[in-house]
Amino acid sequence: MEIKRYFSKIIVYTFAFILPPLIIGILAIAISFSDLMHGNPESFSTQDINFPSYDRSKQTAVILVSNEGTETTDLLVPYEIFSASSKFNVYTVAPKRQISPLNGGVDIIPDFSFAEFEQNIGANPDLLVIPAVHNWQDPTLINWIIEHNQEKTVILSICEGARLLAATGLLENHQATTNWFAIDSLQKQYPNTKWLKDVKYLEDSNIITSPGVITGAMNGSLYTLEKLAGKDVAREVAQKLNYSFTDSAQFESPKIKLSDTIWLLTAAYGWHRQNIGVFLDDGIGEINLTAVVDTYPRSFTAKTISIAPERKIIHSQYGLNLVPRNDFATTTKLDRLLVLDNQDHLNLEDWAKNKSNLELEYLSSLSKDADKFVFDNVLRDLAQQENKPLAEIVAKTLEYRVDSPNLEGKDFPIWLILKPLSIALISLAVISRIYRKNLNYEK
């Protein structure tokens with residue numbers, strides 16, 4: 001009897017030590033990942049928004065948008081690259097012309113609905129860009145891609161845009177690549193496609209596929225630009241963006257190491273999230289915007305909140321229709337406030353001091369290296385604000401390599417381990433006390 005009681009005591013104490021921090025951690029991870037999703041924007045009227053112009057002397061690039069959610073970098077990077085080349089009419093097109101969410105707390109109004117594109121433009125696009133979308137099995141999206149897969153149309157998929165492209169059947173018996181997280185599951189789901197790793201882009205027939213977020217969006221877009229407009233044009237755009245673009249398509253996909261567990265530990269036990277305000281103003285750079293709103297939230301240490309004096313259309317430098325989630329009256333208290341341009345904003349300064357007692361932080365001031373790619377500077381800021389291992393794994397989720405010597409910050413934070421340990425010890429102490437009370441009662 002005593003032996004049985006002894007073993008039951010060990011089992012109860014073991015579960016008491018393991019289960020509470022495990023359950024709390026799993027629930028917190030689920031909540032953290034759900035926070036990375038696109039969200040549901042409030043309704044917004046599109047009645048007074050004009051359609052963009054059409055220049056018959058230029059090629060036409062269409063970037064697909066999902067009304068249910070689109071990956072920000074996959075959309076904004078090719079939009080800026082092809083627009084900056086001055087060789088394309090660049091349009092965002094969705095099933096419906098309505099406010100549509102991007103991750104990172106920003107929303108977009110597409111230039112055209114599918115029907116409006118046919119009415120106003122009519123011709124098949126020279127380039128069709130497919131970003132990662134929330135509803136990649138949507139038959140409306142799938143059918144529109146199939147209908148516009150013409151002989152002279154180049155299709156570029158970025159990151160998990162390959163899921164939507166594969167669902168069309170157009171990758172059947174072709175080679176393709178995608179995000180390093182997704183490639184194994186896509187290999188199982190579409191075994192007749194040869195999925196390849198360690199490439200920055202992969203061309204097969206009229207289809208170009210590219211890997212995860214930054215590497216895919218930047219290299220895939222620049223390679224496609226080179227193909228359609230020439231090497232000089234692509235190199236000029238890359239130089240303008242301070243991005244190193246070479247002829248080599250080889251790329252070493254990220255590898256997970258032990259210190260990368262900090263990402264899940266932060267999601268599970270880093271319960272405090274900074275509120276980082278991102279000020280939207282006419283003329284902001286598309287890649288500058290996505291470098292902020294698609295990087296900080298991935299660390300699970302911050303939430304980006306797009307703001308403007310009022311909730312109205314903000315036009316990016318190349319005419320993208322952006323909608324902030326918040327205005328000055330509705331914004332919550334902020335921990336930081338980032339400004340993406342280099343202009344003076346006196347009204348914003350006054351509001352920030354009165355609202356949250358904050359000084360404005362300019363994106364250009366995050367690093368002394370003005371000639372660096374903007375994602376480099378944001379990742380360095382993350383390393384300094386939080387810690388180096390976390391910035392490294394965030395770079396991996398973006399499928400972008402920032403060599404370790406370029407990131408400076410604190411080492412692995414021990415408190416992340418102490419928190420679940422404290423929960424386990426408290427649980428153990430409570431169960432132990434209950435167990436002793438029951439034992440005394442039985443006596």
# chains A, B, ... in the order shown; residues from 1 in each chain; ligands from 1
>>> select_by_dssp(residues="stretch 146-196 of chain A", states="helix (DSSP H, G or I)", output="list in words")
Ile146, Glu147, Gly161, Ala162, Arg163, Leu164, Leu165, Ala166, Ala167, Ile183, Asp184, Ser185, Leu186, Gln187, Lys188 and Gln189 of chain A
>>> residues_around(residues="A:Ala352", least_positions_apart="6", cutoff="12 Å", atoms="only C-alpha atoms", output="MDAnalysis selection string")
chainID A and resid 276:279 307:309 328:329 331:339 345:346 358:361
>>> residues_around(residues="A:Ala267", least_positions_apart="6", cutoff="12 Å", atoms="only C-alpha atoms", output="PyMOL selection string")
chain A and resi 24-36+260-261+273+297-302+390+416
>>> residues_around(residues="stretch 152-167 of chain A", least_positions_apart="5", cutoff="6 Å", atoms="only C-alpha atoms", output="list of chain:residue names")
A:Asp126, A:Leu127, A:Leu128, A:Val129, A:Ile130, A:Pro131, A:Ala132, A:Trp136, A:Thr178, A:Asn179, A:Asn206, A:Ile207, A:Ile208, A:Thr209, A:Ser210, A:Pro211, A:Gly212, A:Val213, A:Gly216, A:Ala217
>>> write_last_selection(atoms="C-alpha atoms", output="PDB file, in the first residue's frame")
ATOM      1  CA  ASP A 126       2.477  40.971 -68.597  1.00  0.00           C
ATOM      2  CA  LEU A 127       3.279  40.024 -65.010  1.00  0.00           C
ATOM      3  CA  LEU A 128       1.083  38.446 -62.341  1.00  0.00           C
ATOM      4  CA  VAL A 129       2.521  38.497 -58.797  1.00  0.00           C
ATOM      5  CA  ILE A 130       1.088  36.026 -56.280  1.00  0.00           C
ATOM      6  CA  PRO A 131       1.908  36.818 -52.625  1.00  0.00           C
ATOM      7  CA  ALA A 132       1.067  34.623 -49.650  1.00  0.00           C
ATOM      8  CA  TRP A 136      -5.137  30.214 -50.610  1.00  0.00           C
ATOM      9  CA  THR A 178       8.738  28.421 -51.435  1.00  0.00           C
ATOM     10  CA  ASN A 179       9.230  29.413 -47.798  1.00  0.00           C
ATOM     11  CA  ASN A 206       6.570  31.125 -67.637  1.00  0.00           C
ATOM     12  CA  ILE A 207       6.569  30.712 -63.853  1.00  0.00           C
ATOM     13  CA  ILE A 208       9.085  32.125 -61.383  1.00  0.00           C
ATOM     14  CA  THR A 209       8.830  30.983 -57.772  1.00  0.00           C
ATOM     15  CA  SER A 210      10.781  32.442 -54.882  1.00  0.00           C
ATOM     16  CA  PRO A 211      11.362  31.539 -51.216  1.00  0.00           C
ATOM     17  CA  GLY A 212      10.368  33.235 -47.973  1.00  0.00           C
ATOM     18  CA  VAL A 213       9.605  36.754 -47.192  1.00  0.00           C
ATOM     19  CA  GLY A 216      11.855  35.809 -52.079  1.00  0.00           C
ATOM     20  CA  ALA A 217      10.246  39.216 -52.422  1.00  0.00           C
TER      21      ALA A 217
END
>>> closest_atom_pairs(of="stretch 212-292 of chain A", to="stretch 82-96 of chain A", cutoff="9 Å", atoms="only C-alpha atoms", output="Markdown table")
| residue | atom | partner | partner_atom | distance |
| --- | --- | --- | --- | --- |
| A:Ser221 | CA | A:Phe82 | CA | 7.7 |
| A:Leu222 | CA | A:Phe82 | CA | 8.4 |
| A:Leu225 | CA | A:Phe82 | CA | 6.9 |
| A:Ala229 | CA | A:Lys87 | CA | 7.0 |
| A:Val233 | CA | A:Ser85 | CA | 6.4 |
| A:Ala234 | CA | A:Ser85 | CA | 7.5 |
| A:Glu236 | CA | A:Ser85 | CA | 8.2 |
| A:Val237 | CA | A:Ser85 | CA | 6.3 |
>>> closest_residue(among="A:Ile18, A:Ile109, A:Leu75, A:Leu382", to="A:Val323", atoms="only C-alpha atoms")
A:Ile109
>>> closest_residue(among="A:Pro78, A:Gly270, A:Pro110, A:Pro420", to="A:Glu286", atoms="only C-alpha atoms")
A:Pro78
>>> residues_around(residues="A:Gly169", least_positions_apart="2", cutoff="12 Å", atoms="only C-alpha atoms", output="list in words")
Gln137, Ile142, Asn143, Ile145, Ile146, Asn149, Ala162, Arg163, Leu164, Leu165, Ala166, Ala167, Leu171, Glu172, Asn173, His174, Gln189, Tyr190, Pro191, Asn192 and Thr193 of chain A
>>> write_last_selection(atoms="N, CA and C atoms", output="tab-separated table (two decimals), in the first residue's frame")
chain	number	residue	atom	x	y	z
A	137	GLN	N	-7.01	28.64	-50.78
A	137	GLN	CA	-7.85	27.66	-51.49
A	137	GLN	C	-9.12	28.29	-52.05
A	142	ILE	N	-8.17	31.26	-57.39
A	142	ILE	CA	-7.59	30.18	-58.21
A	142	ILE	C	-8.03	30.34	-59.67
A	143	ASN	N	-9.31	30.53	-59.89
A	143	ASN	CA	-9.83	30.62	-61.26
A	143	ASN	C	-9.30	31.85	-61.98
A	145	ILE	N	-6.41	33.32	-61.59
A	145	ILE	CA	-5.03	33.05	-62.00
A	145	ILE	C	-5.01	32.16	-63.24
A	146	ILE	N	-5.82	31.10	-63.22
A	146	ILE	CA	-5.87	30.17	-64.36
A	146	ILE	C	-6.30	30.91	-65.63
A	149	ASN	N	-3.43	33.03	-67.08
A	149	ASN	CA	-2.16	32.35	-67.38
A	149	ASN	C	-2.02	32.20	-68.89
A	162	ALA	N	3.18	30.33	-53.23
A	162	ALA	CA	3.27	29.05	-53.94
A	162	ALA	C	2.11	28.12	-53.58
A	163	ARG	N	1.55	28.28	-52.39
A	163	ARG	CA	0.39	27.46	-52.02
A	163	ARG	C	-0.79	27.75	-52.95
A	164	LEU	N	-1.06	29.02	-53.14
A	164	LEU	CA	-2.15	29.41	-54.03
A	164	LEU	C	-1.84	29.00	-55.46
A	165	LEU	N	-0.62	29.22	-55.88
A	165	LEU	CA	-0.23	28.85	-57.25
A	165	LEU	C	-0.32	27.35	-57.46
A	166	ALA	N	0.13	26.57	-56.47
A	166	ALA	CA	0.04	25.11	-56.59
A	166	ALA	C	-1.41	24.64	-56.65
A	167	ALA	N	-2.30	25.33	-55.95
A	167	ALA	CA	-3.72	24.96	-55.95
A	167	ALA	C	-4.36	25.14	-57.32
A	171	LEU	N	1.62	24.27	-61.25
A	171	LEU	CA	2.96	23.80	-60.88
A	171	LEU	C	3.11	22.29	-61.09
A	172	GLU	N	2.07	21.65	-61.56
A	172	GLU	CA	2.12	20.20	-61.81
A	172	GLU	C	3.23	19.87	-62.80
A	173	ASN	N	4.11	18.94	-62.41
A	173	ASN	CA	5.25	18.50	-63.23
A	173	ASN	C	6.25	19.63	-63.53
A	174	HIS	N	6.32	20.60	-62.63
A	174	HIS	CA	7.30	21.67	-62.73
A	174	HIS	C	8.15	21.72	-61.47
A	189	GLN	N	1.84	17.56	-50.13
A	189	GLN	CA	0.54	17.88	-50.69
A	189	GLN	C	0.55	17.85	-52.22
A	190	TYR	N	1.70	18.25	-52.81
A	190	TYR	CA	1.80	18.30	-54.27
A	190	TYR	C	3.06	17.53	-54.71
A	191	PRO	N	3.00	16.21	-54.64
A	191	PRO	CA	4.19	15.39	-54.92
A	191	PRO	C	4.64	15.43	-56.38
A	192	ASN	N	3.78	15.86	-57.28
A	192	ASN	CA	4.16	15.93	-58.70
A	192	ASN	C	4.92	17.21	-59.06
A	193	THR	N	5.10	18.05	-58.07
A	193	THR	CA	5.94	19.24	-58.23
A	193	THR	C	7.28	18.96	-57.54
>>> residues_around(residues="A:Phe373", least_positions_apart="5", cutoff="12 Å", atoms="only C-alpha atoms", output="PyMOL selection string")
chain A and resi 214+218+238-245+287-288+291+363-364+366-368+378-380+400+402
>>> closest_residue(among="A:Leu418, A:Ala115, A:Val199, A:Leu340", to="A:Arg97", atoms="only C-alpha atoms")
A:Ala115
>>> atom_distance(atom1="atom CA of A:Ser356", atom2="atom CA of A:Thr330")
13.0 Å
>>> decode(residues="stretch 310-381 of chain A", atoms="C-alpha atoms", output="mmCIF file, in the first residue's frame")
data_model
loop_
_atom_site.group_PDB
_atom_site.id
_atom_site.type_symbol
_atom_site.label_atom_id
_atom_site.label_comp_id
_atom_site.auth_asym_id
_atom_site.auth_seq_id
_atom_site.Cartn_x
_atom_site.Cartn_y
_atom_site.Cartn_z
ATOM 1 C CA GLU A 310 -7.677 60.769 -39.100
ATOM 2 C CA ARG A 311 -8.675 57.489 -40.654
ATOM 3 C CA LYS A 312 -8.482 58.239 -44.335
ATOM 4 C CA ILE A 313 -6.655 57.023 -47.442
ATOM 5 C CA ILE A 314 -2.884 57.447 -47.213
ATOM 6 C CA HIS A 315 -1.084 57.281 -50.566
ATOM 7 C CA SER A 316 2.352 55.653 -50.485
ATOM 8 C CA GLN A 317 5.180 57.035 -52.602
ATOM 9 C CA TYR A 318 3.977 55.056 -55.655
ATOM 10 C CA GLY A 319 0.262 55.458 -55.049
ATOM 11 C CA LEU A 320 -0.771 52.475 -52.955
ATOM 12 C CA ASN A 321 -4.068 53.073 -51.108
ATOM 13 C CA LEU A 322 -3.284 52.488 -47.426
ATOM 14 C CA VAL A 323 -5.697 52.835 -44.517
ATOM 15 C CA PRO A 324 -4.475 53.260 -40.914
ATOM 16 C CA ARG A 325 -6.212 51.190 -38.273
ATOM 17 C CA ASN A 326 -6.297 54.105 -35.807
ATOM 18 C CA ASP A 327 -6.584 57.876 -35.697
ATOM 19 C CA PHE A 328 -5.339 60.266 -33.009
ATOM 20 C CA ALA A 329 -8.591 59.957 -31.093
ATOM 21 C CA THR A 330 -8.732 56.157 -30.955
ATOM 22 C CA THR A 331 -5.066 55.154 -30.557
ATOM 23 C CA THR A 332 -4.112 53.405 -27.336
ATOM 24 C CA LYS A 333 -1.144 54.486 -25.216
ATOM 25 C CA LEU A 334 2.112 53.860 -27.079
ATOM 26 C CA ASP A 335 5.572 52.773 -25.955
ATOM 27 C CA ARG A 336 7.333 53.978 -29.114
ATOM 28 C CA LEU A 337 6.351 56.017 -32.135
ATOM 29 C CA LEU A 338 8.149 55.495 -35.458
ATOM 30 C CA VAL A 339 8.073 57.950 -38.350
ATOM 31 C CA LEU A 340 8.964 56.499 -41.745
ATOM 32 C CA ASP A 341 9.916 59.674 -43.583
ATOM 33 C CA ASN A 342 12.301 62.505 -42.716
ATOM 34 C CA GLN A 343 9.727 65.280 -42.581
ATOM 35 C CA ASP A 344 8.861 67.449 -39.595
ATOM 36 C CA HIS A 345 5.474 66.607 -38.114
ATOM 37 C CA LEU A 346 4.716 69.260 -35.488
ATOM 38 C CA ASN A 347 1.130 68.140 -34.893
ATOM 39 C CA LEU A 348 2.365 64.576 -34.397
ATOM 40 C CA GLU A 349 5.033 65.719 -31.945
ATOM 41 C CA ASP A 350 2.487 67.585 -29.838
ATOM 42 C CA TRP A 351 0.038 64.686 -29.926
ATOM 43 C CA ALA A 352 2.730 62.117 -28.983
ATOM 44 C CA LYS A 353 3.872 64.148 -25.981
ATOM 45 C CA ASN A 354 0.340 64.717 -24.724
ATOM 46 C CA LYS A 355 -0.865 61.170 -25.403
ATOM 47 C CA SER A 356 2.085 58.991 -24.348
ATOM 48 C CA ASN A 357 4.880 61.414 -23.380
ATOM 49 C CA LEU A 358 6.947 60.161 -26.327
ATOM 50 C CA GLU A 359 9.591 61.609 -28.586
ATOM 51 C CA LEU A 360 9.338 60.749 -32.277
ATOM 52 C CA GLU A 361 11.762 58.115 -33.547
ATOM 53 C CA TYR A 362 12.664 58.383 -37.213
ATOM 54 C CA LEU A 363 13.275 55.193 -39.158
ATOM 55 C CA SER A 364 16.424 56.714 -40.650
ATOM 56 C CA SER A 365 17.847 57.202 -37.130
ATOM 57 C CA LEU A 366 17.652 53.509 -36.151
ATOM 58 C CA SER A 367 21.123 53.000 -37.621
ATOM 59 C CA LYS A 368 24.128 55.143 -38.413
ATOM 60 C CA ASP A 369 24.510 53.211 -41.678
ATOM 61 C CA ALA A 370 22.440 55.259 -44.102
ATOM 62 C CA ASP A 371 23.546 53.059 -46.995
ATOM 63 C CA LYS A 372 22.195 49.840 -45.485
ATOM 64 C CA PHE A 373 19.086 47.969 -46.546
ATOM 65 C CA VAL A 374 16.204 49.071 -44.321
ATOM 66 C CA PHE A 375 15.474 45.551 -42.992
ATOM 67 C CA ASP A 376 19.082 45.374 -41.749
ATOM 68 C CA ASN A 377 18.563 48.494 -39.669
ATOM 69 C CA VAL A 378 15.240 47.343 -38.229
ATOM 70 C CA LEU A 379 16.700 43.957 -37.253
ATOM 71 C CA ARG A 380 19.655 45.683 -35.597
ATOM 72 C CA ASP A 381 17.291 47.881 -33.653
#
